[in-house]
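Contents: one structure, followed by commentary.
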Amino acid sequence: MAQQAGRRYLRAFVGGFFVAVPVTVTVLDRVAYVARVEGTSMQPFLNPEGVSACDVVLLNRWRVRNYEVHRGDIVSVVSPKNPQQKIIKRVVALEGDFIRTLGYKKRYLRVPEGHLWIEGDHHGHSLDSNSFGPVSVGLLHGHASHIIWPPNRWQRIQRSLPEDRGPLLSSHAAEEEEEF
Amino acid sequence: MFRGVLGKTLGLVGLTVQYGCIAHCAFEYIGELVVCSGPSMEPTIVGKDVVFSEHVSRHLFKIEKGDIVIAKSASDPHMNICKRVIGLEGDKVCTSSPSDIFKTHTFVPLGHVWLEGDNLKNSSDSRSYGPVPYALIRGRVCMKLWPPHRVGPMNESPTGRIIQTKPQSDWD
């Protein structure tokens with residue numbers, strides 16, 4: 001009797017395992033991902049208390065399946081310096097925009113086709129496009145849509161560009177006006 | 001009767017979702033078939049060849065110099081490119097063409113790879129657009145599956161552009 005029950009249990013477990021693992025992996029790859037924000041590069045918006053309390057954000061992976069982003073979005077990208085690491089930054093300029101950089105080797109530049117310019121809100125404490133240059137859109141990982149921890153910081157992340165960091169000349173100006 | 005139909009429909013949907021997820025995991029983590037087009041990898045791969053590109057090495061970070069890889073194009077993420085890895089991060093690569101008198105070299109930056117096509121005369125690759133971030137690599141081409149008379153594993157680089165670093169001489 002016990003042997004039969006044990007075998008049934010094992011079969012149910014293995015069956016459930018083969019359903020749960022692929023579904024979970026697919027959801028994490030294609031739908032949504034949860035990530036803890038480490039570091040101070042996006043202060044004061046993310047991690048305002050620094051190391052003592054790290055924000056946890058919900059990364060919407062379905063939104064970026066066609067690589068559509070807008071200026072002011074907070075996105076996670078695979079770091080071009082280290083493919084095992086993901087970094088969370090704000091999109092400041094899209095392809096074709098003409099921008100002024102903060103400490104990059106070229107003072108002014110036009111973002112090349114298929115690339116983005118990302119910056120952390122905390123200038124000077126951020127490893128972003130100002131150090132490694134424009135980032136290829138193919139490295140986009142997810143769009144940070146909500147802060148889900150700590151509970152007192154639950155919010156939907158709105159798209160917003162710091163006033164002094166927008167593009168000087170933009171090739172998508174007309175469409176952006178309607179968005180806002 | 002309605003409940004029976006609903007139950008069956010839900011069962012069908014559940015099964016579709018389950019198989020869809022298994023398919024996603026297979027294509028993402030095991031490998032996929034790729035139809036190649038373009039002259040940049042001749043004579044190793046010609047247009048309309050079907051190759052199998054495995055994704056295991058890419059996730060385990062085991063791509064090596066001399067591998068043929070499929071990567072997302074740096075300037076258009078919807079397009080894929082098929083090139084050979086000439087240098088990994090930290091390697092020295094030659095940026096001048098074989099016909100130049102003065103040879104120039106550069107070092108591949110961290111987190112990037114240097115890609116070149118086997119058909120040097122007709123290939124736009126890292127020589128024009130620079131090193132490519134490693135994370136854009138989708139998979140390593142390990143076998144050609146079509147045309148049938150050329151099925152088999154891929155060959156060594158015919159161009160001789162890979163700079164092999166000599167192994168350290170024996171320390172006794």
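Convention: chains lettered A, B, ... in structure tokens order; per-chain residue numbering from 1; ligands numbered from 1 as shown.
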
Chain A contacts to chain B at 6 Å (only C-alpha atoms) as a PyMOL selection string
chain A and resi 22-23+26+80-83+113-114+136+138

Spatial neighbours of Leu161 of chain A, 7 Å, only C-alpha atoms, chain gap at least 6 places, as a VMD selection string:
chain A and resid 71 to 72 92

May I have all residues of chain A that DSSP, computed from the backbone, assigns to strand (DSSP E), given as number ranges by chain?
A: 32-36, 56-60, 74-78, 86-93, 98-100, 108-110, 115-119, 135-136, 140-149, 155-156

Which one of A:Leu102, A:Ala32, A:Leu140, A:Ile147 sits closest to Asp121 of chain A if you count only C-alpha atoms?
A:Leu102

Considering only C-alpha atoms, return as an MDAnalysis selection string whatever protein or nucleic-acid residues lie within 8 Å of segment 114-126 of chain B, sequence-local ones (same chain, fewer than 5 positions apart) excluded.
chainID B and resid 39:44 82:88 93 108 131:132 157:159

Write to file, as a CSV table (one decimal), in the first residue's frame, the residues of the selection just made, with N, CA and C atoms.
```
chain,number,residue,atom,x,y,z
B,39,PRO,N,26.7,36.7,-48.4
B,39,PRO,CA,28.0,36.2,-48.8
B,39,PRO,C,29.1,36.3,-47.8
B,40,SER,N,28.8,36.8,-46.6
B,40,SER,CA,30.0,37.2,-45.8
B,40,SER,C,30.7,36.1,-45.1
B,41,MET,N,30.1,34.8,-45.2
B,41,MET,CA,30.8,33.7,-44.5
B,41,MET,C,31.3,32.7,-45.6
B,42,GLU,N,31.3,33.1,-46.8
B,42,GLU,CA,31.8,32.1,-47.8
B,42,GLU,C,33.2,31.9,-47.7
B,43,PRO,N,33.8,30.7,-48.0
B,43,PRO,CA,33.1,29.5,-48.4
B,43,PRO,C,32.6,28.6,-47.3
B,44,THR,N,32.7,29.0,-46.1
B,44,THR,CA,32.3,28.1,-45.0
B,44,THR,C,30.8,27.9,-45.0
B,82,CYS,N,25.8,36.5,-38.8
B,82,CYS,CA,26.5,35.3,-38.6
B,82,CYS,C,28.0,35.5,-38.9
B,83,LYS,N,28.9,35.5,-37.9
B,83,LYS,CA,30.3,35.8,-38.1
B,83,LYS,C,31.1,34.9,-37.3
B,84,ARG,N,32.4,35.0,-37.5
B,84,ARG,CA,33.4,34.2,-36.7
B,84,ARG,C,34.0,35.1,-35.6
B,85,VAL,N,34.2,34.5,-34.5
B,85,VAL,CA,34.9,35.2,-33.4
B,85,VAL,C,36.4,35.2,-33.6
B,86,ILE,N,36.9,36.4,-33.8
B,86,ILE,CA,38.4,36.5,-34.1
B,86,ILE,C,39.1,36.8,-32.8
B,87,GLY,N,38.4,37.5,-31.9
B,87,GLY,CA,39.1,37.8,-30.6
B,87,GLY,C,38.1,38.0,-29.5
B,88,LEU,N,38.5,37.5,-28.3
B,88,LEU,CA,37.6,37.7,-27.1
B,88,LEU,C,38.1,38.9,-26.3
B,93,VAL,N,43.7,42.2,-31.8
B,93,VAL,CA,43.2,41.9,-33.1
B,93,VAL,C,43.8,42.9,-34.1
B,108,VAL,N,40.6,44.1,-27.7
B,108,VAL,CA,39.2,44.0,-27.6
B,108,VAL,C,38.8,44.4,-26.2
B,131,PRO,N,34.0,46.5,-32.0
B,131,PRO,CA,33.7,45.2,-31.2
B,131,PRO,C,32.3,45.2,-30.8
B,132,VAL,N,31.8,44.0,-30.6
B,132,VAL,CA,30.4,43.7,-30.4
B,132,VAL,C,30.2,43.2,-28.9
B,157,SER,N,39.0,28.6,-39.3
B,157,SER,CA,39.0,29.8,-40.0
B,157,SER,C,39.9,29.8,-41.2
B,158,PRO,N,39.4,30.1,-42.4
B,158,PRO,CA,40.3,30.0,-43.6
B,158,PRO,C,41.1,31.3,-43.8
B,159,THR,N,40.8,32.3,-42.9
B,159,THR,CA,41.4,33.6,-43.2
B,159,THR,C,42.7,33.9,-42.5
```

Which residue of A:His143, A:Arg165, A:Arg100, A:Arg90 approaches Gly120 of chain A most closely, using only C-alpha atoms:
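Among the listed residues, the smallest separation from Gly120 of chain A belongs to A:Arg90.
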
So which residues of segment 42-133 of chain B fall under helix (DSSP H, G or I) by DSSP, listed as a VMD selection string?
chain B and resid 56 to 59 120 to 122 126 to 129

Shell around Lys103 of chain B at 12 Å using only C-alpha atoms, local window under 5 positions removed, as a compact mmCIF listing (two decimals) with C-alpha atoms, in the first residue's frame:
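As written to disk, out-v1.txt reads:
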```txt
# COMPACT_ATOMS: atom_id res chain seq x y z
CA VAL B 93 43.21 41.90 -33.11
CA CYS B 94 44.51 43.25 -36.38
CA THR B 95 42.46 46.16 -37.70
CA SER B 96 44.34 46.70 -40.94
CA SER B 97 43.61 44.65 -44.03
CA PRO B 98 46.15 42.08 -45.29
```

For Gly39 of chain A, the nearest of the candidates A:Arg159, A:Lys89, A:Arg65, A:Arg107, counting only C-alpha atoms:
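Counting only C-alpha atoms, the residue closest to Gly39 of chain A is A:Lys89.
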
Near-Arg153 of chain A list (12 Å; only C-alpha atoms; drop same-chain fewer than 2 positions) as a PyMOL selection string
chain A and resi 45-49+53-57+146-151+155-157

Take the residues that were just selected and, keeping all heavy atoms, output them as a compact mmCIF listing (two decimals), in the first residue's frame.
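What ended up in out.txt:
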```txt
# COMPACT_ATOMS: atom_id res chain seq x y z
N PHE A 45 15.75 58.66 -6.89
CA PHE A 45 14.50 58.01 -7.25
C PHE A 45 14.44 56.57 -6.72
O PHE A 45 13.43 56.16 -6.15
CB PHE A 45 14.34 58.04 -8.78
CG PHE A 45 13.03 57.56 -9.23
CD1 PHE A 45 11.89 58.34 -9.06
CD2 PHE A 45 12.88 56.31 -9.80
CE1 PHE A 45 10.66 57.89 -9.45
CE2 PHE A 45 11.64 55.85 -10.20
CZ PHE A 45 10.53 56.64 -10.03
N LEU A 46 15.52 55.81 -6.96
CA LEU A 46 15.55 54.44 -6.45
C LEU A 46 16.58 54.36 -5.35
O LEU A 46 17.62 54.99 -5.43
CB LEU A 46 15.94 53.47 -7.57
CG LEU A 46 14.95 53.29 -8.72
CD1 LEU A 46 15.55 52.36 -9.76
CD2 LEU A 46 13.65 52.72 -8.20
N ASN A 47 16.32 53.54 -4.34
CA ASN A 47 17.26 53.36 -3.22
C ASN A 47 17.59 54.66 -2.52
O ASN A 47 18.76 54.98 -2.30
CB ASN A 47 18.58 52.74 -3.72
CG ASN A 47 18.48 51.23 -3.80
OD1 ASN A 47 17.41 50.69 -3.63
ND2 ASN A 47 19.58 50.58 -4.06
N PRO A 48 16.59 55.47 -2.11
CA PRO A 48 16.95 56.74 -1.48
C PRO A 48 17.64 56.56 -0.14
O PRO A 48 18.37 57.45 0.29
CB PRO A 48 15.61 57.47 -1.31
CG PRO A 48 14.59 56.40 -1.35
CD PRO A 48 15.13 55.29 -2.17
N GLU A 49 17.41 55.40 0.52
CA GLU A 49 18.08 55.22 1.81
C GLU A 49 19.44 54.56 1.67
O GLU A 49 20.06 54.23 2.65
CB GLU A 49 17.24 54.36 2.75
CG GLU A 49 16.24 55.15 3.53
CD GLU A 49 14.85 54.64 3.25
OE1 GLU A 49 14.59 53.50 3.64
OE2 GLU A 49 14.07 55.36 2.61
N ALA A 53 18.26 49.96 2.91
CA ALA A 53 17.01 49.38 2.41
C ALA A 53 17.02 49.43 0.89
O ALA A 53 16.91 50.50 0.30
CB ALA A 53 15.82 50.17 2.95
N CYS A 54 17.15 48.27 0.22
CA CYS A 54 17.21 48.25 -1.23
C CYS A 54 15.81 48.12 -1.81
O CYS A 54 15.01 47.33 -1.34
CB CYS A 54 18.04 47.06 -1.70
SG CYS A 54 19.80 47.34 -1.51
N ASP A 55 15.54 48.90 -2.84
CA ASP A 55 14.25 48.78 -3.53
C ASP A 55 14.23 47.50 -4.34
O ASP A 55 15.25 47.05 -4.84
CB ASP A 55 14.07 49.96 -4.49
CG ASP A 55 13.72 51.24 -3.76
OD1 ASP A 55 13.42 51.17 -2.56
OD2 ASP A 55 13.75 52.30 -4.41
N VAL A 56 13.01 46.95 -4.50
CA VAL A 56 12.82 45.83 -5.41
C VAL A 56 11.86 46.31 -6.48
O VAL A 56 10.81 46.87 -6.17
CB VAL A 56 12.23 44.62 -4.67
CG1 VAL A 56 11.91 43.51 -5.66
CG2 VAL A 56 13.20 44.12 -3.62
N VAL A 57 12.23 46.13 -7.75
CA VAL A 57 11.38 46.61 -8.83
C VAL A 57 10.86 45.45 -9.66
O VAL A 57 11.48 44.38 -9.72
CB VAL A 57 12.12 47.59 -9.77
CG1 VAL A 57 12.49 48.85 -9.06
CG2 VAL A 57 13.34 46.96 -10.36
N HIS A 146 7.17 49.06 -11.88
CA HIS A 146 6.67 49.33 -10.53
C HIS A 146 7.76 49.08 -9.52
O HIS A 146 8.62 48.23 -9.71
CB HIS A 146 5.51 48.38 -10.17
CG HIS A 146 4.30 48.57 -11.00
ND1 HIS A 146 4.19 48.10 -12.29
CD2 HIS A 146 3.11 49.18 -10.73
CE1 HIS A 146 3.00 48.41 -12.78
NE2 HIS A 146 2.34 49.06 -11.86
N ILE A 147 7.70 49.85 -8.43
CA ILE A 147 8.53 49.54 -7.26
C ILE A 147 7.63 48.72 -6.34
O ILE A 147 6.53 49.16 -6.00
CB ILE A 147 8.98 50.81 -6.53
CG1 ILE A 147 9.80 51.68 -7.47
CG2 ILE A 147 9.82 50.45 -5.31
CD1 ILE A 147 10.29 52.95 -6.82
N ILE A 148 8.07 47.49 -5.99
CA ILE A 148 7.17 46.65 -5.20
C ILE A 148 7.65 46.40 -3.77
O ILE A 148 6.97 45.75 -3.00
CB ILE A 148 6.93 45.29 -5.92
CG1 ILE A 148 8.23 44.55 -6.16
CG2 ILE A 148 6.21 45.53 -7.23
CD1 ILE A 148 8.02 43.20 -6.80
N TRP A 149 8.80 46.87 -3.39
CA TRP A 149 9.28 46.72 -2.01
C TRP A 149 10.25 47.85 -1.72
O TRP A 149 11.02 48.20 -2.60
CB TRP A 149 9.98 45.36 -1.86
CG TRP A 149 10.34 45.03 -0.46
CD1 TRP A 149 11.51 45.31 0.18
CD2 TRP A 149 9.48 44.42 0.52
NE1 TRP A 149 11.44 44.88 1.48
CE2 TRP A 149 10.21 44.33 1.71
CE3 TRP A 149 8.18 43.93 0.49
CZ2 TRP A 149 9.67 43.77 2.87
CZ3 TRP A 149 7.66 43.37 1.63
CH2 TRP A 149 8.39 43.30 2.80
N PRO A 150 10.29 48.47 -0.59
CA PRO A 150 9.47 48.23 0.60
C PRO A 150 8.03 48.73 0.42
O PRO A 150 7.79 49.57 -0.43
CB PRO A 150 10.21 49.05 1.68
CG PRO A 150 11.00 50.05 0.95
CD PRO A 150 11.30 49.50 -0.39
N PRO A 151 7.11 48.21 1.21
CA PRO A 151 5.69 48.48 0.98
C PRO A 151 5.35 49.96 1.03
O PRO A 151 4.45 50.42 0.32
CB PRO A 151 4.97 47.72 2.10
CG PRO A 151 5.94 46.71 2.58
CD PRO A 151 7.30 47.26 2.32
N GLN A 155 4.75 51.95 -5.87
CA GLN A 155 4.27 52.96 -6.81
C GLN A 155 4.50 52.48 -8.22
O GLN A 155 5.33 51.60 -8.48
CB GLN A 155 5.02 54.27 -6.60
CG GLN A 155 6.52 54.14 -6.77
CD GLN A 155 7.27 55.41 -6.50
OE1 GLN A 155 7.26 56.31 -7.32
NE2 GLN A 155 7.89 55.50 -5.35
N ARG A 156 3.78 53.09 -9.11
CA ARG A 156 3.98 52.87 -10.52
C ARG A 156 5.05 53.85 -10.96
O ARG A 156 4.99 55.02 -10.62
CB ARG A 156 2.67 53.16 -11.24
CG ARG A 156 2.77 52.98 -12.69
CD ARG A 156 1.57 52.28 -13.27
NE ARG A 156 1.97 51.88 -14.61
CZ ARG A 156 1.56 52.46 -15.72
NH1 ARG A 156 0.70 53.42 -15.65
NH2 ARG A 156 2.00 52.07 -16.88
N ILE A 157 6.05 53.38 -11.69
CA ILE A 157 7.14 54.29 -12.08
C ILE A 157 6.69 55.08 -13.32
O ILE A 157 6.37 54.51 -14.36
CB ILE A 157 8.42 53.49 -12.39
CG1 ILE A 157 8.88 52.77 -11.13
CG2 ILE A 157 9.51 54.41 -12.90
CD1 ILE A 157 10.15 51.97 -11.31
```

Any idea what's packed within 8 Å of Thr40 of chain A, counting only C-alpha atoms, ignoring anything in its chain fewer than 2 positions away? Could you give it as a list in words?
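The contact residues come out as Glu38, Met42, Gln43, Leu46, Asn47, Pro48, Gly50, His122, His125 and Ser126 of chain A.
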